[in-house]
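Undergrad: Handing you a structure now.
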Amino acid sequence: MAELRGLPGFRDFYPEDLAVRSHIIDVWRDVARRYGFVEFDGPPLEPLEIYTKKSGSEIVAQLYQFEDKGGRRVALRPEMTPTLVRMVGARARALPKPIRWFSVPQLYRYERQQRGRLREHFQLNVDILGETDVLADAELLAVAIEVVRALGLSPNHVRARVSDRRLLGAMFRRVGVAEDQLLAVYHVVDRLGRESEESLAGRLEKLGLDRAAIEHIFALTRLSGIDQLHAEFGDVEGVSEVVGELSTYLSCLENLGVRDYVDIDLSIVRGLAYYTGIVFELWDAGRELRAICGGGRYDDLLQALTGVDMPALGFGMGDVVLAELLRERGLLPEYRSGIDCYVVAIGDEARGEALKLAAELRGAGFSTAFDFAMRSPKAQFKSADQMGARWAVVIGPEELAAGRALIRDMGRGHERAVDRERVVPELREVSTVDSDG
RNA sequence: GUGGGCGUAGCUCAGGCGGUUAGAGCGCCAGGUUGUGGCCCUGGAGGUCGCGGGUUCAAGUCCCGUCGCUCACCCCA
């Protein structure tokens with residue numbers, strides 16, 4: 001075969017694949033709208049600068065970037081946040097707050113592909129801007145959880161792991177981690193569960209931490225209840241307020257009806273450096289796949305990028321891992337393609353009338369096909385079956401003479417003759433009866 | 001960027017220690033009298049065995065290179 005390959009990490013969506021993608025994206029849109037968010041979009045190609053400016057992000061090393069014919073350094077968008085920040089920043093004073101926006105961009109990233117990770121994916125982005133109250137944080141996580149619930153995933157399938165940047169930092173400082181060690185310690189904590197505690201302890205030792213501090217750090221990351229947090233750190237300056245906020249957060253999630261998906265898990269760090277408060281990730285319960293979703297509060301980013309001081313929070317949820325999980329759990333809808341009508345023409349004399357009938361059906365809104373080659377009736381019925389036609393509408397010499405057409409219900413195997421001008425009304429009637437019932 | 005595994009028909013895969021014309025199932029197309037689909041029967045199309053080189057009388061089969069896929073690491077939209 002002639003080689004006409006696509007690029008590695010980029011997907012071809014055959015109809016059955018597109019059905020999966022559409023299913024997921026339809027649910028994304030439906031849930032985001034039900035939660036009162038409105039959709040926006042930006043360009044897939046952006047100035048390179050808007051990504052490099054947000055330093056500390058390793059995304060830059062994996063950008064699809066090049067110089068355009070005008071000599072501009074440009075990049076395919078690897079994430080949506082810089083675009084969002086630019087758009088909001090430009091109309092910061094005009095937009096009514098809080099801003100509740102969502103988007104479903106296709107994002108690109110030049111990296112070697114592996115399971116759950118391609119060079120392109122679709123991602124639901126949901127963001128709230130201009131709101132500092134912790135209720136917004138709860139609302140954000142509730143949308144993310146509602147999405148997976150709407151896709152059929154229960155608390156047994158998916159867990160939301162919640163942490164807080166401030167909490168972990170304050171606690172680490174208290175047990176003797178120096179300011180310049182914090183990032184390195186976060187990095188080690190991020191490895192928990194993927195690397196043995198022994199080897200992680202070794203890393204911490206290299207950072208110059210003593211045995212007691214290391215034990216303390218591990219103990220902290222295992223704290224999972226508000227009560228535990230209170231007992232351990234309620235008296236620490238800067239921590240008790242945060243613990244109180246987390247407590248409010250959890251009760252809001254309770255009232256929003258999603259609390260049963262949520263765990264406090266302080267080992268969640270999130271890679272991106274710009275998070276400032278509550279952060280969360282959604283994982284399959286067995287943690288066999290990658291994170292399904294990640295997000296949190298990033299109150300300082302707009303100030304840093306646009307000079308506009310506006311608090312913000314948001315999350316991204318990709319289609320790749322989600323689709324894998326749904327497939328594994330048998331939660332993808334069965335794929336069936338189908339049309340409404342297939343016009344079967346028998347004999348050359350019927351051809352003209354068959355085409356007229358097809359045009360009429362199409363005009364009435366029925367998806368309709370017919371045989372191009374006037375093959376045998378048998379072959380035509382076979383095509384009707386293969387195409388998933390709900391009805392075969394037959395025009396032959398007999399029907400032509402009687403001024404009628406034969407409607408065959410392909411699913412039930414019944415058929416009956418109706419007057420030629422009654423075809424569309426009849427089908428309308430049957431289809432509304434069926435869809436109502 | 002680093003390391004491992006794998007490349008035979010559209011798909012899933014057989015092909016003993018190298019030995020005639022490379023196979024199966026599914027799918028696809030056609031036929032089983034131009035008035036009836038699913039089941040069945042018959043037939044057909046489709047492969048330079050990823051590509052290039054080497055060893056050999058002889059290479060899907062062994063060796064090297066390369067490209068691709070895949071998994072993991074790194075890192076994480």
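Chain labels follow the order of the structure tokens: the first chain is A, the next B, and so on; residue numbering restarts at 1 in every chain, and ligands are counted from 1 in their shown order.
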Pull the strand (DSSP E) assignments for stretch 53-262 of chain A out of DSSP run on the backbone, and list those residues as a PyMOL selection string.

TA: chain A and resi 65-67+73-76+99-103+106-108+120-129+158-164+262

Undergrad: Excluding stretch 328-341 of chain A and any residue of its chain fewer than 5 positions from it, enumerate the residues within 7 Å of it, using only C-alpha atoms (C1' of nucleotides), and give them as a PyMOL selection string.

TA: chain A and resi 16+152+366-369+387-393

Undergrad: Could I get the residues of chain B with an atom no further than 6 Å from an atom of chain A, each paired with its nearest atom pair and that distance in Å to one decimal, using only C-alpha atoms (C1' of nucleotides), sorted by chain and residue number, as CSV?

TA:
residue,atom,partner,partner_atom,distance
B:U34,C1',A:Ser376,CA,4.7
B:U36,C1',A:Lys378,CA,5.9
B:G37,C1',A:Lys382,CA,4.5
B:A77,C1',A:Glu79,CA,5.3

Undergrad: Looking at B:A72, B:C41, B:C64, B:C49, which one is nearest to B:U8, with distances taken over only C-alpha atoms (C1' of nucleotides)?

TA: B:C49

Undergrad: Show me, as a ChimeraX atom specification, the residues that have an atom within 12 Å of B:C6 when counting only C-alpha atoms (C1' of nucleotides), minus same-chain residues fewer than 2 positions from it.

TA: /B:4,50,68-71

Undergrad: Given the selection you just returned, output its residues as a file containing N, CA and C atoms (P, O5', C5', C4', C3', O3' and C1' of nucleotides), formatted as a PDB file, in the first residue's frame.

TA:
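As a result, out-v7.pdb now contains:
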ATOM      1  P     G B   4      17.398  -1.178  25.051  1.00  0.00           P
ATOM      2  O5'   G B   4      16.005  -1.828  25.440  1.00  0.00           O
ATOM      3  C5'   G B   4      15.950  -2.864  26.414  1.00  0.00           C
ATOM      4  C4'   G B   4      14.516  -3.256  26.680  1.00  0.00           C
ATOM      5  C3'   G B   4      13.768  -3.930  25.538  1.00  0.00           C
ATOM      6  O3'   G B   4      14.102  -5.295  25.392  1.00  0.00           O
ATOM      7  C1'   G B   4      12.364  -2.316  26.555  1.00  0.00           C
ATOM      8  P     G B  50       7.180  -7.352   7.472  1.00  0.00           P
ATOM      9  O5'   G B  50       7.012  -5.789   7.196  1.00  0.00           O
ATOM     10  C5'   G B  50       5.874  -5.291   6.540  1.00  0.00           C
ATOM     11  C4'   G B  50       6.079  -3.820   6.300  1.00  0.00           C
ATOM     12  C3'   G B  50       7.322  -3.482   5.476  1.00  0.00           C
ATOM     13  O3'   G B  50       7.077  -3.544   4.100  1.00  0.00           O
ATOM     14  C1'   G B  50       7.241  -2.129   7.411  1.00  0.00           C
ATOM     15  P     G B  68       9.575   7.528  12.273  1.00  0.00           P
ATOM     16  O5'   G B  68       8.417   6.437  12.412  1.00  0.00           O
ATOM     17  C5'   G B  68       7.328   6.434  11.506  1.00  0.00           C
ATOM     18  C4'   G B  68       6.488   5.202  11.719  1.00  0.00           C
ATOM     19  C3'   G B  68       5.900   5.026  13.107  1.00  0.00           C
ATOM     20  O3'   G B  68       4.744   5.809  13.298  1.00  0.00           O
ATOM     21  C1'   G B  68       6.810   2.980  12.381  1.00  0.00           C
ATOM     22  P     C B  69       4.345   6.278  14.785  1.00  0.00           P
ATOM     23  O5'   C B  69       3.813   4.947  15.471  1.00  0.00           O
ATOM     24  C5'   C B  69       2.629   4.319  14.991  1.00  0.00           C
ATOM     25  C4'   C B  69       2.446   2.975  15.654  1.00  0.00           C
ATOM     26  C3'   C B  69       2.397   2.996  17.175  1.00  0.00           C
ATOM     27  O3'   C B  69       1.119   3.358  17.662  1.00  0.00           O
ATOM     28  C1'   C B  69       3.833   1.267  16.469  1.00  0.00           C
ATOM     29  P     U B  70       0.986   4.096  19.062  1.00  0.00           P
ATOM     30  O5'   U B  70       1.479   3.000  20.097  1.00  0.00           O
ATOM     31  C5'   U B  70       0.726   1.811  20.306  1.00  0.00           C
ATOM     32  C4'   U B  70       1.479   0.884  21.226  1.00  0.00           C
ATOM     33  C3'   U B  70       1.877   1.482  22.565  1.00  0.00           C
ATOM     34  O3'   U B  70       0.806   1.434  23.484  1.00  0.00           O
ATOM     35  C1'   U B  70       3.731   0.360  21.632  1.00  0.00           C
ATOM     36  P     C B  71       0.713   2.519  24.622  1.00  0.00           P
ATOM     37  O5'   C B  71       1.743   1.989  25.715  1.00  0.00           O
ATOM     38  C5'   C B  71       1.477   0.772  26.402  1.00  0.00           C
ATOM     39  C4'   C B  71       2.699   0.350  27.183  1.00  0.00           C
ATOM     40  C3'   C B  71       3.289   1.391  28.119  1.00  0.00           C
ATOM     41  O3'   C B  71       2.575   1.496  29.332  1.00  0.00           O
ATOM     42  C1'   C B  71       5.024   0.371  26.905  1.00  0.00           C
TER      43        C B  71
END

Undergrad: Neighbours of B:G23 within 12 Å (only C-alpha atoms (C1' of nucleotides); same-chain residues fewer than 4 positions away dropped), as a PyMOL selection string?

TA: chain B and resi 8-9+13-15+47+49

Undergrad: Pull the helix (DSSP H, G or I) assignments for stretch 7-222 of chain A out of DSSP run on the backbone, and list those residues as an MDAnalysis selection string.

TA: chainID A and resid 15:34 49:52 58:62 81:90 134:150 165:174 179:190 197:206 211:222

Undergrad: Just the residues within 12 Å of A:Val185, please, counting only C-alpha atoms (C1' of nucleotides), with nothing from its chain fewer than 2 positions along; format it as a VMD selection string.

TA: chain A and resid 168 to 169 171 to 173 176 to 183 187 to 192 200 to 209 213 to 214 217 to 218 221 267 269

Undergrad: Any chance you could export the current selection's N, CA and C atoms as an mmCIF file, in the first residue's frame?

TA:
data_model
loop_
_atom_site.group_PDB
_atom_site.id
_atom_site.type_symbol
_atom_site.label_atom_id
_atom_site.label_comp_id
_atom_site.auth_asym_id
_atom_site.auth_seq_id
_atom_site.Cartn_x
_atom_site.Cartn_y
_atom_site.Cartn_z
ATOM 1 N N LEU A 168 0.160 22.875 52.632
ATOM 2 C CA LEU A 168 1.358 22.048 52.558
ATOM 3 C C LEU A 168 2.607 22.890 52.841
ATOM 4 N N GLY A 169 2.638 24.084 52.231
ATOM 5 C CA GLY A 169 3.796 24.955 52.412
ATOM 6 C C GLY A 169 4.002 25.337 53.877
ATOM 7 N N MET A 171 2.860 23.862 56.499
ATOM 8 C CA MET A 171 3.198 22.698 57.311
ATOM 9 C C MET A 171 4.654 22.295 57.125
ATOM 10 N N PHE A 172 5.096 22.357 55.912
ATOM 11 C CA PHE A 172 6.487 21.984 55.646
ATOM 12 C C PHE A 172 7.449 22.947 56.337
ATOM 13 N N ARG A 173 7.113 24.221 56.281
ATOM 14 C CA ARG A 173 7.964 25.209 56.954
ATOM 15 C C ARG A 173 8.047 24.887 58.450
ATOM 16 N N GLY A 176 10.451 22.376 59.490
ATOM 17 C CA GLY A 176 11.856 22.683 59.276
ATOM 18 C C GLY A 176 12.344 22.694 57.842
ATOM 19 N N VAL A 177 11.405 22.745 56.867
ATOM 20 C CA VAL A 177 11.828 22.846 55.470
ATOM 21 C C VAL A 177 12.091 24.318 55.149
ATOM 22 N N ALA A 178 13.270 24.595 54.627
ATOM 23 C CA ALA A 178 13.629 25.975 54.310
ATOM 24 C C ALA A 178 12.916 26.433 53.044
ATOM 25 N N GLU A 179 12.763 27.758 52.872
ATOM 26 C CA GLU A 179 12.065 28.321 51.712
ATOM 27 C C GLU A 179 12.622 27.793 50.394
ATOM 28 N N ASP A 180 13.942 27.766 50.304
ATOM 29 C CA ASP A 180 14.549 27.371 49.022
ATOM 30 C C ASP A 180 14.497 25.863 48.796
ATOM 31 N N GLN A 181 13.972 25.136 49.781
ATOM 32 C CA GLN A 181 13.838 23.685 49.598
ATOM 33 C C GLN A 181 12.416 23.301 49.224
ATOM 34 N N LEU A 182 11.486 24.243 49.384
ATOM 35 C CA LEU A 182 10.063 23.919 49.235
ATOM 36 C C LEU A 182 9.724 23.265 47.901
ATOM 37 N N LEU A 183 10.175 23.879 46.809
ATOM 38 C CA LEU A 183 9.833 23.343 45.490
ATOM 39 C C LEU A 183 10.346 21.920 45.325
ATOM 40 N N HIS A 187 8.212 18.439 44.811
ATOM 41 C CA HIS A 187 8.513 17.512 43.723
ATOM 42 C C HIS A 187 8.583 16.077 44.230
ATOM 43 N N VAL A 188 9.203 15.912 45.386
ATOM 44 C CA VAL A 188 9.302 14.575 45.977
ATOM 45 C C VAL A 188 7.917 14.073 46.376
ATOM 46 N N VAL A 189 7.123 14.954 46.984
ATOM 47 C CA VAL A 189 5.774 14.577 47.414
ATOM 48 C C VAL A 189 4.938 14.138 46.214
ATOM 49 N N ASP A 190 5.162 14.828 45.110
ATOM 50 C CA ASP A 190 4.437 14.514 43.877
ATOM 51 C C ASP A 190 4.711 13.072 43.427
ATOM 52 N N ARG A 191 5.851 12.532 43.842
ATOM 53 C CA ARG A 191 6.228 11.187 43.424
ATOM 54 C C ARG A 191 5.597 10.110 44.298
ATOM 55 N N LEU A 192 4.988 10.502 45.408
ATOM 56 C CA LEU A 192 4.389 9.523 46.322
ATOM 57 C C LEU A 192 3.429 8.611 45.581
ATOM 58 N N LEU A 200 12.225 7.870 48.148
ATOM 59 C CA LEU A 200 11.873 9.284 48.280
ATOM 60 C C LEU A 200 12.538 9.885 49.516
ATOM 61 N N ALA A 201 12.609 9.077 50.573
ATOM 62 C CA ALA A 201 13.292 9.545 51.787
ATOM 63 C C ALA A 201 14.747 9.860 51.461
ATOM 64 N N GLY A 202 15.327 9.023 50.620
ATOM 65 C CA GLY A 202 16.712 9.255 50.192
ATOM 66 C C GLY A 202 16.857 10.605 49.510
ATOM 67 N N ARG A 203 15.889 10.926 48.668
ATOM 68 C CA ARG A 203 15.949 12.215 47.969
ATOM 69 C C ARG A 203 15.871 13.382 48.942
ATOM 70 N N LEU A 204 14.973 13.211 49.917
ATOM 71 C CA LEU A 204 14.809 14.286 50.891
ATOM 72 C C LEU A 204 16.087 14.453 51.717
ATOM 73 N N GLU A 205 16.710 13.332 51.991
ATOM 74 C CA GLU A 205 17.962 13.387 52.747
ATOM 75 C C GLU A 205 19.011 14.199 51.987
ATOM 76 N N LYS A 206 19.052 13.966 50.680
ATOM 77 C CA LYS A 206 20.011 14.712 49.863
ATOM 78 C C LYS A 206 19.762 16.216 49.903
ATOM 79 N N LEU A 207 18.485 16.574 50.169
ATOM 80 C CA LEU A 207 18.172 18.000 50.275
ATOM 81 C C LEU A 207 18.639 18.568 51.612
ATOM 82 N N GLY A 208 19.147 17.692 52.476
ATOM 83 C CA GLY A 208 19.679 18.155 53.745
ATOM 84 C C GLY A 208 18.686 18.095 54.898
ATOM 85 N N LEU A 209 17.579 17.367 54.685
ATOM 86 C CA LEU A 209 16.595 17.262 55.763
ATOM 87 C C LEU A 209 16.963 16.111 56.683
ATOM 88 N N ALA A 213 12.407 15.269 60.296
ATOM 89 C CA ALA A 213 11.648 16.109 59.363
ATOM 90 C C ALA A 213 11.059 15.263 58.238
ATOM 91 N N ILE A 214 11.836 14.313 57.781
ATOM 92 C CA ILE A 214 11.372 13.456 56.690
ATOM 93 C C ILE A 214 10.160 12.635 57.128
ATOM 94 N N ILE A 217 7.173 14.858 57.204
ATOM 95 C CA ILE A 217 6.632 15.175 55.874
ATOM 96 C C ILE A 217 5.738 14.054 55.374
ATOM 97 N N PHE A 218 6.198 12.837 55.529
ATOM 98 C CA PHE A 218 5.379 11.708 55.085
ATOM 99 C C PHE A 218 4.085 11.629 55.890
ATOM 100 N N THR A 221 1.511 14.147 54.617
ATOM 101 C CA THR A 221 0.840 13.845 53.354
ATOM 102 C C THR A 221 -0.203 12.760 53.523
ATOM 103 N N SER A 267 -0.977 14.870 49.249
ATOM 104 C CA SER A 267 0.155 14.560 48.371
ATOM 105 C C SER A 267 -0.079 15.079 46.947
ATOM 106 N N VAL A 269 0.049 17.787 44.400
ATOM 107 C CA VAL A 269 0.806 19.028 44.318
ATOM 108 C C VAL A 269 0.459 19.814 43.058
#

Undergrad: Which residues are close to B:G10, i.e. within 10 Å by only C-alpha atoms (C1' of nucleotides), leaving aside same-chain residues fewer than 5 positions away? Reply as JSON, numbers by chain.

TA: {"B": [27, 28, 46]}

Undergrad: Just how far from atom C1' of B:G1 is atom CA of A:Thr52, in Å to one decimal?

TA: 20.4 Å

Undergrad: For stretch 124-133 of chain A, list every protein, DNA or RNA residue within 6 Å, evaluated using only C-alpha atoms (C1' of nucleotides), and leave out those in the same chain fewer than 6 positions away; present the list as a short mmCIF file (atom, residue, chain, number, x, y, z; two decimals) with N, CA, C and O atoms, in the first residue's frame.

TA:
data_model
loop_
_atom_site.label_atom_id
_atom_site.label_comp_id
_atom_site.auth_asym_id
_atom_site.auth_seq_id
_atom_site.Cartn_x
_atom_site.Cartn_y
_atom_site.Cartn_z
N LYS A 97 -18.65 40.30 36.82
CA LYS A 97 -18.02 39.29 37.64
C LYS A 97 -19.07 38.61 38.52
O LYS A 97 -20.03 39.23 38.88
N PRO A 98 -18.85 37.36 38.92
CA PRO A 98 -17.74 36.55 38.46
C PRO A 98 -17.93 36.05 37.03
O PRO A 98 -19.05 35.83 36.59
N ILE A 99 -16.81 35.87 36.34
CA ILE A 99 -16.85 35.36 34.98
C ILE A 99 -16.87 33.83 35.05
O ILE A 99 -16.04 33.23 35.73
N ARG A 100 -17.83 33.23 34.36
CA ARG A 100 -17.94 31.76 34.36
C ARG A 100 -17.87 31.30 32.92
O ARG A 100 -18.87 31.29 32.21
N TRP A 101 -16.69 30.91 32.50
CA TRP A 101 -16.48 30.53 31.10
C TRP A 101 -15.99 29.10 30.97
O TRP A 101 -15.25 28.61 31.83
N PHE A 102 -16.36 28.47 29.87
CA PHE A 102 -15.75 27.18 29.57
C PHE A 102 -15.39 27.12 28.10
O PHE A 102 -15.86 27.93 27.29
N SER A 103 -14.54 26.15 27.76
CA SER A 103 -14.06 26.02 26.40
C SER A 103 -13.69 24.56 26.13
O SER A 103 -13.38 23.82 27.07
N VAL A 104 -13.74 24.15 24.87
CA VAL A 104 -13.36 22.77 24.52
C VAL A 104 -12.33 22.81 23.40
O VAL A 104 -12.63 22.45 22.25
N MET A 310 -6.80 40.03 39.30
CA MET A 310 -8.09 39.33 39.35
C MET A 310 -7.87 37.90 39.80
O MET A 310 -7.06 37.18 39.22
N PRO A 311 -8.59 37.49 40.83
CA PRO A 311 -8.46 36.10 41.28
C PRO A 311 -9.08 35.16 40.24
O PRO A 311 -9.98 35.57 39.50
N ALA A 312 -8.59 33.94 40.20
CA ALA A 312 -9.09 33.01 39.20
C ALA A 312 -8.87 31.57 39.63
O ALA A 312 -8.01 31.28 40.45
N LEU A 313 -9.68 30.69 39.06
CA LEU A 313 -9.51 29.26 39.30
C LEU A 313 -10.09 28.50 38.12
O LEU A 313 -10.98 29.02 37.43
N GLY A 314 -9.56 27.32 37.88
CA GLY A 314 -10.07 26.58 36.74
C GLY A 314 -9.50 25.18 36.70
O GLY A 314 -8.62 24.83 37.48
N PHE A 315 -10.05 24.38 35.77
CA PHE A 315 -9.49 23.03 35.59
C PHE A 315 -9.50 22.65 34.12
O PHE A 315 -10.18 23.27 33.29
N GLY A 316 -8.70 21.63 33.81
CA GLY A 316 -8.70 21.04 32.47
C GLY A 316 -8.97 19.56 32.59
O GLY A 316 -8.51 18.91 33.52
N MET A 317 -9.77 19.04 31.65
CA MET A 317 -10.09 17.61 31.64
C MET A 317 -9.96 17.10 30.20
O MET A 317 -10.64 17.58 29.31
#
